[in-house]
Structure formats: C-alpha cells, structure tokens
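This is protein-v7.json. It holds JSON, C-alpha atoms.
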[["chain", "number", "residue", "atom", "x", "y", "z"],
["A", 1, "MET", "CA", 12.06, -22.28, -0.39],
["A", 2, "ILE", "CA", 9.74, -24.87, -1.93],
["A", 3, "THR", "CA", 10.02, -27.24, 1.04],
["A", 4, "PHE", "CA", 8.87, -24.46, 3.35],
["A", 5, "LEU", "CA", 6.05, -23.38, 1.05],
["A", 6, "GLN", "CA", 4.73, -26.93, 0.68],
["A", 7, "LYS", "CA", 4.43, -27.28, 4.46],
["A", 8, "TYR", "CA", 1.45, -24.96, 4.21],
["A", 9, "ARG", "CA", 0.19, -25.66, 0.68],
["A", 10, "LYS", "CA", 1.21, -29.06, -0.63],
["A", 11, "GLU", "CA", 0.12, -28.42, -4.20],
["A", 12, "ILE", "CA", 2.24, -25.30, -4.68],
["A", 13, "ASN", "CA", 5.03, -25.32, -7.30],
["A", 14, "LEU", "CA", 7.80, -22.96, -8.34],
["A", 15, "LEU", "CA", 7.57, -21.90, -11.99],
["A", 16, "THR", "CA", 10.53, -21.81, -14.34],
["A", 17, "LYS", "CA", 11.31, -18.84, -16.55],
["A", 18, "GLU", "CA", 10.08, -20.85, -19.55],
["A", 19, "GLU", "CA", 6.77, -21.74, -17.86],
["A", 20, "ILE", "CA", 6.20, -18.08, -16.97],
["A", 21, "ALA", "CA", 6.98, -17.02, -20.54],
["A", 22, "ASP", "CA", 4.17, -19.28, -21.75],
["A", 23, "LEU", "CA", 1.59, -17.40, -19.67],
["A", 24, "SER", "CA", -0.43, -14.64, -21.30],
["A", 25, "SER", "CA", -1.02, -11.09, -20.09],
["A", 26, "SER", "CA", -4.66, -12.04, -19.53],
["A", 27, "THR", "CA", -3.48, -14.52, -16.87],
["A", 28, "ILE", "CA", -0.86, -12.47, -15.02],
["A", 29, "PRO", "CA", 0.02, -8.75, -15.17],
["A", 30, "ASP", "CA", 2.45, -7.46, -17.76],
["A", 31, "TYR", "CA", 4.83, -6.31, -15.04],
["A", 32, "TRP", "CA", 5.06, -9.88, -13.68],
["A", 33, "ILE", "CA", 6.07, -11.07, -17.14],
["A", 34, "SER", "CA", 8.70, -8.34, -17.29],
["A", 35, "VAL", "CA", 10.09, -9.19, -13.85],
["A", 36, "PHE", "CA", 10.63, -12.83, -14.68],
["A", 37, "GLN", "CA", 12.08, -12.20, -18.11],
["A", 38, "ALA", "CA", 15.18, -10.93, -16.29],
["A", 39, "ASP", "CA", 17.88, -13.49, -15.57],
["A", 40, "ALA", "CA", 19.77, -11.60, -12.87],
["A", 41, "PHE", "CA", 18.17, -11.32, -9.45],
["A", 42, "SER", "CA", 19.20, -7.68, -9.19],
["A", 43, "GLU", "CA", 17.24, -6.84, -12.33],
["A", 44, "ARG", "CA", 14.20, -8.82, -11.21],
["A", 45, "LYS", "CA", 14.26, -6.95, -7.93],
["A", 46, "SER", "CA", 14.63, -3.60, -9.66],
["A", 47, "ARG", "CA", 11.66, -4.25, -11.95],
["A", 48, "LEU", "CA", 9.51, -5.56, -9.11],
["A", 49, "LEU", "CA", 10.19, -2.60, -6.83],
["A", 50, "ALA", "CA", 9.62, -0.23, -9.74],
["A", 51, "ALA", "CA", 6.08, -1.59, -9.86],
["A", 52, "TRP", "CA", 5.65, -0.95, -6.13],
["A", 53, "ASN", "CA", 6.90, 2.59, -6.58],
["A", 54, "ASN", "CA", 4.57, 3.13, -9.50],
["A", 55, "VAL", "CA", 1.52, 2.08, -7.46],
["A", 56, "VAL", "CA", 2.19, 2.92, -3.80],
["A", 57, "ALA", "CA", 5.40, 4.97, -3.61],
["A", 58, "GLU", "CA", 3.86, 7.42, -1.16],
["A", 59, "GLU", "CA", 1.49, 5.08, 0.65],
["A", 60, "MET", "CA", 4.02, 2.31, 1.42],
["A", 61, "SER", "CA", 7.36, 4.11, 1.37],
["A", 62, "ILE", "CA", 8.68, 2.38, 4.52],
["A", 63, "THR", "CA", 7.77, -1.06, 3.16],
["A", 64, "ILE", "CA", 9.42, -0.29, -0.19],
["A", 65, "SER", "CA", 12.55, 0.96, 1.56],
["A", 66, "TYR", "CA", 12.79, -2.24, 3.61],
["A", 67, "LEU", "CA", 12.29, -4.41, 0.53],
["A", 68, "THR", "CA", 14.98, -2.42, -1.27],
["A", 69, "ASP", "CA", 17.48, -3.32, 1.44],
["A", 70, "TYR", "CA", 16.37, -6.81, 2.47],
["A", 71, "LEU", "CA", 14.52, -8.54, -0.37],
["A", 72, "VAL", "CA", 16.76, -11.53, -1.15],
["A", 73, "GLU", "CA", 14.56, -13.97, -3.12],
["A", 74, "ILE", "CA", 11.84, -13.60, -5.75],
["A", 75, "GLU", "CA", 9.96, -16.52, -7.26],
["A", 76, "MET", "CA", 6.66, -17.09, -9.00],
["A", 77, "VAL", "CA", 4.45, -19.97, -7.91],
["A", 78, "GLU", "CA", 1.33, -21.75, -9.08],
["A", 79, "TRP", "CA", -1.23, -23.81, -7.22],
["A", 80, "ASN", "CA", -4.55, -25.10, -8.54],
["A", 81, "GLY", "CA", -4.46, -22.59, -11.40],
["A", 82, "PHE", "CA", -3.66, -19.59, -9.20],
["A", 83, "TYR", "CA", -0.46, -17.56, -9.36],
["A", 84, "SER", "CA", 1.53, -15.55, -6.82],
["A", 85, "ILE", "CA", 4.91, -13.92, -6.38],
["A", 86, "ILE", "CA", 6.82, -15.12, -3.33],
["A", 87, "TYR", "CA", 9.11, -12.59, -1.67],
["A", 88, "GLY", "CA", 11.99, -13.78, 0.50],
["A", 89, "VAL", "CA", 12.64, -10.98, 3.01],
["A", 90, "GLN", "CA", 15.59, -11.11, 5.39],
["A", 91, "ASN", "CA", 14.86, -10.14, 9.00],
["A", 92, "PRO", "CA", 17.34, -8.67, 11.52],
["A", 93, "THR", "CA", 18.49, -12.16, 12.61],
["A", 94, "ASN", "CA", 19.22, -13.11, 8.96],
["A", 95, "GLU", "CA", 16.26, -15.47, 8.76],
["A", 96, "VAL", "CA", 14.37, -15.31, 5.46],
["A", 97, "LEU", "CA", 10.64, -14.69, 5.85],
["A", 98, "TYR", "CA", 8.39, -15.56, 2.93],
["A", 99, "TYR", "CA", 5.66, -13.16, 1.86],
["A", 100, "GLU", "CA", 3.03, -13.79, -0.78],
["A", 101, "GLY", "CA", 1.73, -11.25, -3.28],
["A", 102, "ARG", "CA", -1.27, -12.72, -5.05],
["A", 103, "ASN", "CA", -2.35, -12.06, -8.60],
["A", 104, "PRO", "CA", -4.23, -8.74, -9.08],
["A", 105, "LEU", "CA", -6.05, -10.34, -12.02],
["A", 106, "ASP", "CA", -7.77, -12.84, -9.70],
["A", 107, "SER", "CA", -11.56, -12.80, -9.84],
["A", 108, "PHE", "CA", -13.22, -10.53, -7.28],
["A", 109, "ASN", "CA", -14.59, -13.01, -4.76],
["A", 110, "ASN", "CA", -16.25, -11.18, -1.89],
["A", 111, "ASP", "CA", -19.99, -10.62, -2.26],
["A", 112, "GLU", "CA", -20.38, -8.35, 0.77],
["A", 113, "LEU", "CA", -17.47, -6.10, -0.17],
["A", 114, "LYS", "CA", -18.52, -5.99, -3.82],
["A", 115, "ARG", "CA", -21.50, -3.83, -2.83],
["A", 116, "TYR", "CA", -19.13, -1.13, -1.56],
["A", 117, "TRP", "CA", -16.07, -1.56, -3.76],
["A", 118, "SER", "CA", -16.79, 1.42, -6.00],
["A", 119, "GLN", "CA", -16.58, 3.64, -2.89],
["A", 120, "THR", "CA", -13.14, 2.34, -1.96],
["A", 121, "PRO", "CA", -10.36, 4.96, -2.02],
["A", 122, "ALA", "CA", -8.51, 4.92, -5.34],
["A", 123, "SER", "CA", -5.15, 4.10, -3.74],
["A", 124, "ILE", "CA", -6.51, 0.84, -2.31],
["A", 125, "ILE", "CA", -8.16, -0.12, -5.59],
["A", 126, "ARG", "CA", -4.85, 0.53, -7.37],
["A", 127, "PHE", "CA", -3.00, -1.77, -4.98],
["A", 128, "TYR", "CA", -5.45, -4.64, -5.41],
["A", 129, "SER", "CA", -6.02, -4.24, -9.16],
["A", 130, "GLU", "CA", -2.49, -3.33, -10.32],
["A", 131, "LEU", "CA", 0.04, -4.67, -7.83],
["A", 132, "HIS", "CA", -1.21, -7.60, -5.74],
["A", 133, "ASN", "CA", -4.43, -9.15, -4.52],
["A", 134, "GLY", "CA", -3.08, -8.93, -0.98],
["A", 135, "PHE", "CA", 0.46, -9.03, 0.34],
["A", 136, "TYR", "CA", 1.10, -10.90, 3.61],
["A", 137, "TYR", "CA", 3.29, -13.35, 5.52],
["A", 138, "TYR", "CA", 2.84, -16.64, 3.70],
["A", 139, "ALA", "CA", 2.80, -19.07, 6.65],
["A", 140, "SER", "CA", 0.05, -17.34, 8.61],
["A", 141, "GLU", "CA", -1.66, -15.36, 5.83],
["A", 142, "SER", "CA", -1.43, -12.30, 8.10],
["A", 143, "MET", "CA", 0.66, -9.22, 8.90],
["A", 144, "GLY", "CA", -0.33, -7.67, 5.62],
["A", 145, "LEU", "CA", -3.15, -6.67, 3.33],
["A", 146, "VAL", "CA", -5.24, -9.81, 2.90],
["A", 147, "PRO", "CA", -6.67, -11.06, -0.43],
["A", 148, "VAL", "CA", -10.08, -9.70, -1.41],
["A", 149, "GLU", "CA", -11.74, -13.00, -0.59],
["A", 150, "GLU", "CA", -10.30, -12.90, 2.96],
["A", 151, "ILE", "CA", -11.18, -9.27, 3.76],
["A", 152, "CYS", "CA", -13.10, -9.58, 7.02],
["A", 153, "TYR", "CA", -16.74, -8.48, 7.09],
["A", 154, "LEU", "CA", -17.17, -7.45, 10.70],
["A", 155, "ASP", "CA", -20.90, -8.12, 10.72],
["A", 156, "ASP", "CA", -20.22, -11.84, 10.22],
["A", 157, "TYR", "CA", -18.68, -12.17, 13.70],
["A", 158, "GLU", "CA", -19.56, -11.78, 17.35],
["A", 159, "TRP", "CA", -17.22, -9.29, 19.01],
["A", 160, "GLY", "CA", -17.13, -9.77, 22.76],
["A", 161, "ILE", "CA", -15.17, -6.55, 23.21],
["A", 162, "VAL", "CA", -18.32, -4.56, 22.37],
["A", 163, "ASP", "CA", -19.67, -5.20, 25.88],
["A", 164, "ASP", "CA", -16.48, -3.73, 27.37],
["A", 165, "LEU", "CA", -16.16, -0.59, 25.26],
["A", 166, "GLU", "CA", -15.49, 2.56, 27.28],
["A", 167, "LYS", "CA", -17.28, 4.70, 24.69],
["A", 168, "PRO", "CA", -20.19, 3.93, 22.33],
["A", 169, "LEU", "CA", -19.27, 1.95, 19.22],
["A", 170, "ALA", "CA", -18.30, 4.45, 16.52],
["A", 171, "ILE", "CA", -18.38, 2.17, 13.46],
["A", 172, "ARG", "CA", -21.16, 0.15, 11.84],
["A", 173, "PHE", "CA", -20.36, -3.52, 11.56],
["A", 174, "SER", "CA", -22.78, -3.81, 8.64],
["A", 175, "SER", "CA", -20.56, -1.56, 6.49],
["A", 176, "SER", "CA", -17.13, -2.35, 7.98],
["A", 177, "PHE", "CA", -14.34, -4.48, 6.52],
["A", 178, "GLY", "CA", -10.92, -5.47, 7.83],
["A", 179, "PHE", "CA", -8.28, -5.13, 5.11],
["A", 180, "PHE", "CA", -5.22, -5.86, 7.24],
["A", 181, "ALA", "CA", -5.01, -8.76, 9.71],
["A", 182, "ASN", "CA", -2.28, -9.23, 12.30],
["A", 183, "GLY", "CA", -3.02, -12.93, 12.81],
["A", 184, "MET", "CA", -4.28, -12.41, 16.37],
["A", 185, "GLY", "CA", -7.81, -11.25, 15.61],
["A", 186, "ASP", "CA", -7.05, -7.57, 15.10],
["A", 187, "HIS", "CA", -7.71, -5.60, 11.92],
["A", 188, "VAL", "CA", -7.31, -2.29, 10.14],
["A", 189, "VAL", "CA", -10.93, -1.55, 9.28],
["A", 190, "ILE", "CA", -12.69, 0.69, 6.82],
["A", 191, "ASP", "CA", -16.30, 1.62, 7.63],
["A", 192, "TYR", "CA", -17.88, 2.58, 4.32],
["A", 193, "SER", "CA", -20.53, 4.65, 6.07],
["A", 194, "GLN", "CA", -17.70, 6.99, 7.13],
["A", 195, "ILE", "CA", -15.50, 6.83, 4.06],
["A", 196, "HIS", "CA", -15.56, 10.63, 3.68],
["A", 197, "GLN", "CA", -13.92, 11.11, 7.10],
["A", 198, "LYS", "CA", -10.50, 10.06, 8.43],
["A", 199, "TRP", "CA", -11.37, 6.68, 7.30],
["A", 200, "ALA", "CA", -9.87, 3.80, 9.20],
["A", 201, "THR", "CA", -10.10, 2.12, 12.59],
["A", 202, "LEU", "CA", -7.70, -0.10, 14.47],
["A", 203, "TRP", "CA", -10.12, -2.79, 15.61],
["A", 204, "PHE", "CA", -8.88, -5.03, 18.42],
["A", 205, "HIS", "CA", -10.65, -8.21, 19.45],
["A", 206, "ASP", "CA", -9.72, -7.67, 23.12],
["A", 207, "ASP", "CA", -8.96, -3.96, 23.55],
["A", 208, "GLN", "CA", -10.42, -0.52, 22.89],
["A", 209, "PRO", "CA", -10.50, 0.47, 19.20],
["A", 210, "THR", "CA", -8.62, 3.45, 17.83],
["A", 211, "TYR", "CA", -10.73, 5.53, 15.48],
["A", 212, "GLY", "CA", -9.79, 8.09, 12.85],
["A", 213, "ILE", "CA", -6.42, 6.67, 11.81],
["A", 214, "GLU", "CA", -4.66, 7.15, 8.51],
["A", 215, "PHE", "CA", -5.14, 3.84, 6.69],
["A", 216, "TRP", "CA", -1.86, 3.70, 4.77],
["A", 217, "ASP", "CA", 0.28, 4.95, 7.65],
["A", 218, "VAL", "CA", -0.75, 1.98, 9.77],
["A", 219, "ILE", "CA", -0.57, -0.50, 6.89],
["A", 220, "ASP", "CA", 2.95, 0.63, 6.06],
["A", 221, "GLU", "CA", 4.17, 0.49, 9.66],
["A", 222, "TRP", "CA", 2.57, -2.85, 10.54],
["A", 223, "THR", "CA", 3.80, -4.51, 7.36],
["A", 224, "THR", "CA", 7.35, -3.43, 8.13],
["A", 225, "ILE", "CA", 7.05, -4.58, 11.74],
["A", 226, "GLY", "CA", 6.20, -8.03, 10.38],
["A", 227, "PHE", "CA", 9.43, -8.08, 8.39],
["A", 228, "GLN", "CA", 11.45, -7.61, 11.58],
["A", 229, "VAL", "CA", 10.14, -10.38, 13.84]]
Can you give me the file's structure in the form of structure tokens?
Amino acid sequence: MITFLQKYRKEINLLTKEEIADLSSSTIPDYWISVFQADAFSERKSRLLAAWNNVVAEEMSITISYLTDYLVEIEMVEWNGFYSIIYGVQNPTNEVLYYEGRNPLDSFNNDELKRYWSQTPASIIRFYSELHNGFYYYASESMGLVPVEEICYLDDYEWGIVDDLEKPLAIRFSSSFGFFANGMGDHVVIDYSQIHQKWATLWFHDDQPTYGIEFWDVIDEWTTIGFQV
C-alpha cells in the first residue's frame, strides 16, 4: 500500500497502532481511535462501518453494503500534520482500489462556501463533521465527496457549455458548489439559492445539466460505480 500511496504524495506515512494511540481526541475523532485500538482487521472493519451506519446509513446504503463485502484493508496515514483513513476496496477484477477519508476535525478551509455552510442540509454537515472531510479515490482525488477545501465554486470557472444549453440556465453560479467530482470535470452541485427545492444538479462540463436530482441518491450510486472500475 505505502508504495502506491507515495507515488502521489511522497511525504505520506502509515501510522502504527502505538503512534495512533498517542494522538488525542482533539486531533482525530474518537471513533478513529476506537477503530485502530482493535488488533483484528475484522473488528476494525466492524467499528469503521458502524460509524458509517451511524452517520449515513440511509443516505449511503449502497456504498456501505459494498464496503461491507469488499473492504479488505484499513490503515491510518499522516502527511504534513494531516491525518486520513485509507480504505482498500476490492473491485470485480480483484484489484484493490485505495480510497481516502480525510479527518472531519480538519479546519474549515473554503471562504466562499463558509458563507453558506449554515444552510447546508444536516445530513451533509454530519458527513463532513462526524465521518470524513471527503471520501474519494486516492489517486485522482475524485469519484467521491471531495474535501471542503476542494468543493468547487462554480462562479470561479468559465463554463463553455453555457453557450450550448438547450434551456435557460436554472442555477446561479454565484451560489453553486460542486460537492462530488468525477475527475472529468463533472460535478454534483448544490445551488444554495434553491436549497429549499429538490436541491441538486448534475452539472456536466460538456453536456446538458440534469436539475432537481436527489443529492444522496446520486452520491451513493456514483461512489459505488467508482469501486467497480
């Protein structure tokens, strides 16, 4: 695992059980400490998935089911003072794909989003503040919920597709953020000016958007698709 991880982040290191035990609950969540107190992988996995079920059992049921069947490695890593859990997930060809779940105790580092964060649906806040600050394919930092600091502010970019839209643009870039990235320029977007409605959009960089989608349904399905490539 570490050889693969260091291809993309040279300074990353696996932590031993003893090193994790020395960390305080103000540095990492209590449930992380509990997970890595267990010696047996089966118990680590059970404790980790219990946390997922506690936070997003309904919202990410397909993802949790896949992890239950195909999660084969769990490690904690550190780089430059930051901490993450690395998930080794087996795909249908028996290759292990590495996913990163960042620390929910990380500082909130997104000035544009900070203005709207209090309006964010409670289920999303729970994910980011209790489970992980993003959960995505490690190598590309995509195919998952991205860390707060990487959540895309649509108003920061030029979107050529706007000139080719078949219908008038139905979201406001100035209040829209992409929480999920597929690595190819496409996002699951929340427009905070429409948060009271069916509140997400599939925003494609080169195709017509799909409005009025259920946020968690798409997140759950796309995350699981990533596990199977």
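Remark: for Leu5 of chain A, the closest of the candidate residues A:Tyr137, A:Tyr211, A:Phe36, A:Trp222 is A:Tyr137 (distances computed over all atoms listed in the file).
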Checklist entry - Looking at only C-alpha atoms, which of A:Asp69, A:Asp111, A:Asp30, A:Glu150 is the one that sits closest to Asn91 of chain A? => result A:Asp69
Item to check | Interatomic distance (Å, one decimal) between atom CA of Tyr192 of chain A and atom CA of Ser176 of chain A | outcome: 6.2 Å
Item to check | Nearest candidate to Glu95 of chain A (options A:Phe180, A:Phe127, A:Tyr153, A:Phe227; using all atoms listed in the file) | outcome: A:Phe227
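Minimum distance to Pro147 of chain A across A:Ser84, A:Tyr70, A:Ile171, A:Asp207 (counting only C-alpha atoms) occurs at A:Ser84.
Put simply, atom CA of Ile74 of chain A is 7.7 Å away from atom CA of Phe41 of chain A.
The shortest atom-to-atom distance to Ala122 of chain A, with all atoms listed in the file taken into account, belongs to A:Glu59 out of A:Glu59, A:Val72, A:Asp206, A:Val148.
Between atom CA of Pro104 of chain A and atom CA of Ile28 of chain A lies a distance of 7.8 Å.
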Checklist entry - Contacts of Ser46 of chain A at 12 Å or less, counting all atoms listed in the file, minus same-chain residues fewer than 6 places along, as a ChimeraX atom specification? => result /A:31,34-36,38-40,52-53,64,67-69,71-72,74
Once you have the residues from the selection above, write them out as an mmCIF file, in the frame of the given file, restricted to C-alpha atoms.
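New file part_19.cif:
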data_model
loop_
_atom_site.group_PDB
_atom_site.id
_atom_site.type_symbol
_atom_site.label_atom_id
_atom_site.label_comp_id
_atom_site.auth_asym_id
_atom_site.auth_seq_id
_atom_site.Cartn_x
_atom_site.Cartn_y
_atom_site.Cartn_z
ATOM 1 C CA TYR A 31 4.830 -6.310 -15.040
ATOM 2 C CA SER A 34 8.700 -8.340 -17.290
ATOM 3 C CA VAL A 35 10.090 -9.190 -13.850
ATOM 4 C CA PHE A 36 10.630 -12.830 -14.680
ATOM 5 C CA ALA A 38 15.180 -10.930 -16.290
ATOM 6 C CA ASP A 39 17.880 -13.490 -15.570
ATOM 7 C CA ALA A 40 19.770 -11.600 -12.870
ATOM 8 C CA TRP A 52 5.650 -0.950 -6.130
ATOM 9 C CA ASN A 53 6.900 2.590 -6.580
ATOM 10 C CA ILE A 64 9.420 -0.290 -0.190
ATOM 11 C CA LEU A 67 12.290 -4.410 0.530
ATOM 12 C CA THR A 68 14.980 -2.420 -1.270
ATOM 13 C CA ASP A 69 17.480 -3.320 1.440
ATOM 14 C CA LEU A 71 14.520 -8.540 -0.370
ATOM 15 C CA VAL A 72 16.760 -11.530 -1.150
ATOM 16 C CA ILE A 74 11.840 -13.600 -5.750
#
Polymer residues at most 12 Å from Phe173 of chain A, only C-alpha atoms, same-chain spacing of 5 or more positions, as a PDB file with C-alpha atoms, in the frame of the given file:
ATOM      1  CA  GLU A 112     -20.380  -8.350   0.770  1.00  0.00           C
ATOM      2  CA  CYS A 152     -13.100  -9.580   7.020  1.00  0.00           C
ATOM      3  CA  TYR A 153     -16.740  -8.480   7.090  1.00  0.00           C
ATOM      4  CA  LEU A 154     -17.170  -7.450  10.700  1.00  0.00           C
ATOM      5  CA  ASP A 155     -20.900  -8.120  10.720  1.00  0.00           C
ATOM      6  CA  ASP A 156     -20.220 -11.840  10.220  1.00  0.00           C
ATOM      7  CA  TYR A 157     -18.680 -12.170  13.700  1.00  0.00           C
ATOM      8  CA  GLU A 158     -19.560 -11.780  17.350  1.00  0.00           C
ATOM      9  CA  TRP A 159     -17.220  -9.290  19.010  1.00  0.00           C
ATOM     10  CA  VAL A 162     -18.320  -4.560  22.370  1.00  0.00           C
ATOM     11  CA  GLY A 178     -10.920  -5.470   7.830  1.00  0.00           C
ATOM     12  CA  VAL A 189     -10.930  -1.550   9.280  1.00  0.00           C
ATOM     13  CA  ILE A 190     -12.690   0.690   6.820  1.00  0.00           C
ATOM     14  CA  ASP A 191     -16.300   1.620   7.630  1.00  0.00           C
ATOM     15  CA  TYR A 192     -17.880   2.580   4.320  1.00  0.00           C
ATOM     16  CA  SER A 193     -20.530   4.650   6.070  1.00  0.00           C
ATOM     17  CA  GLN A 194     -17.700   6.990   7.130  1.00  0.00           C
ATOM     18  CA  THR A 201     -10.100   2.120  12.590  1.00  0.00           C
ATOM     19  CA  TRP A 203     -10.120  -2.790  15.610  1.00  0.00           C
TER      20      TRP A 203
END
Item to check | All residues 10 Å or closer to Gly226 of chain A, all atoms listed in the file, same chain fewer than 4 positions away omitted, as a PyMOL selection string | outcome: chain A and resi 91+97+99+136-137+142-144+182+221-222
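You can rank A:Glu100, A:Glu130, A:Glu11, A:Asp220 by their closest distance to Asn80 of chain A using all atoms listed in the file, and at the top of that list sits A:Glu11.
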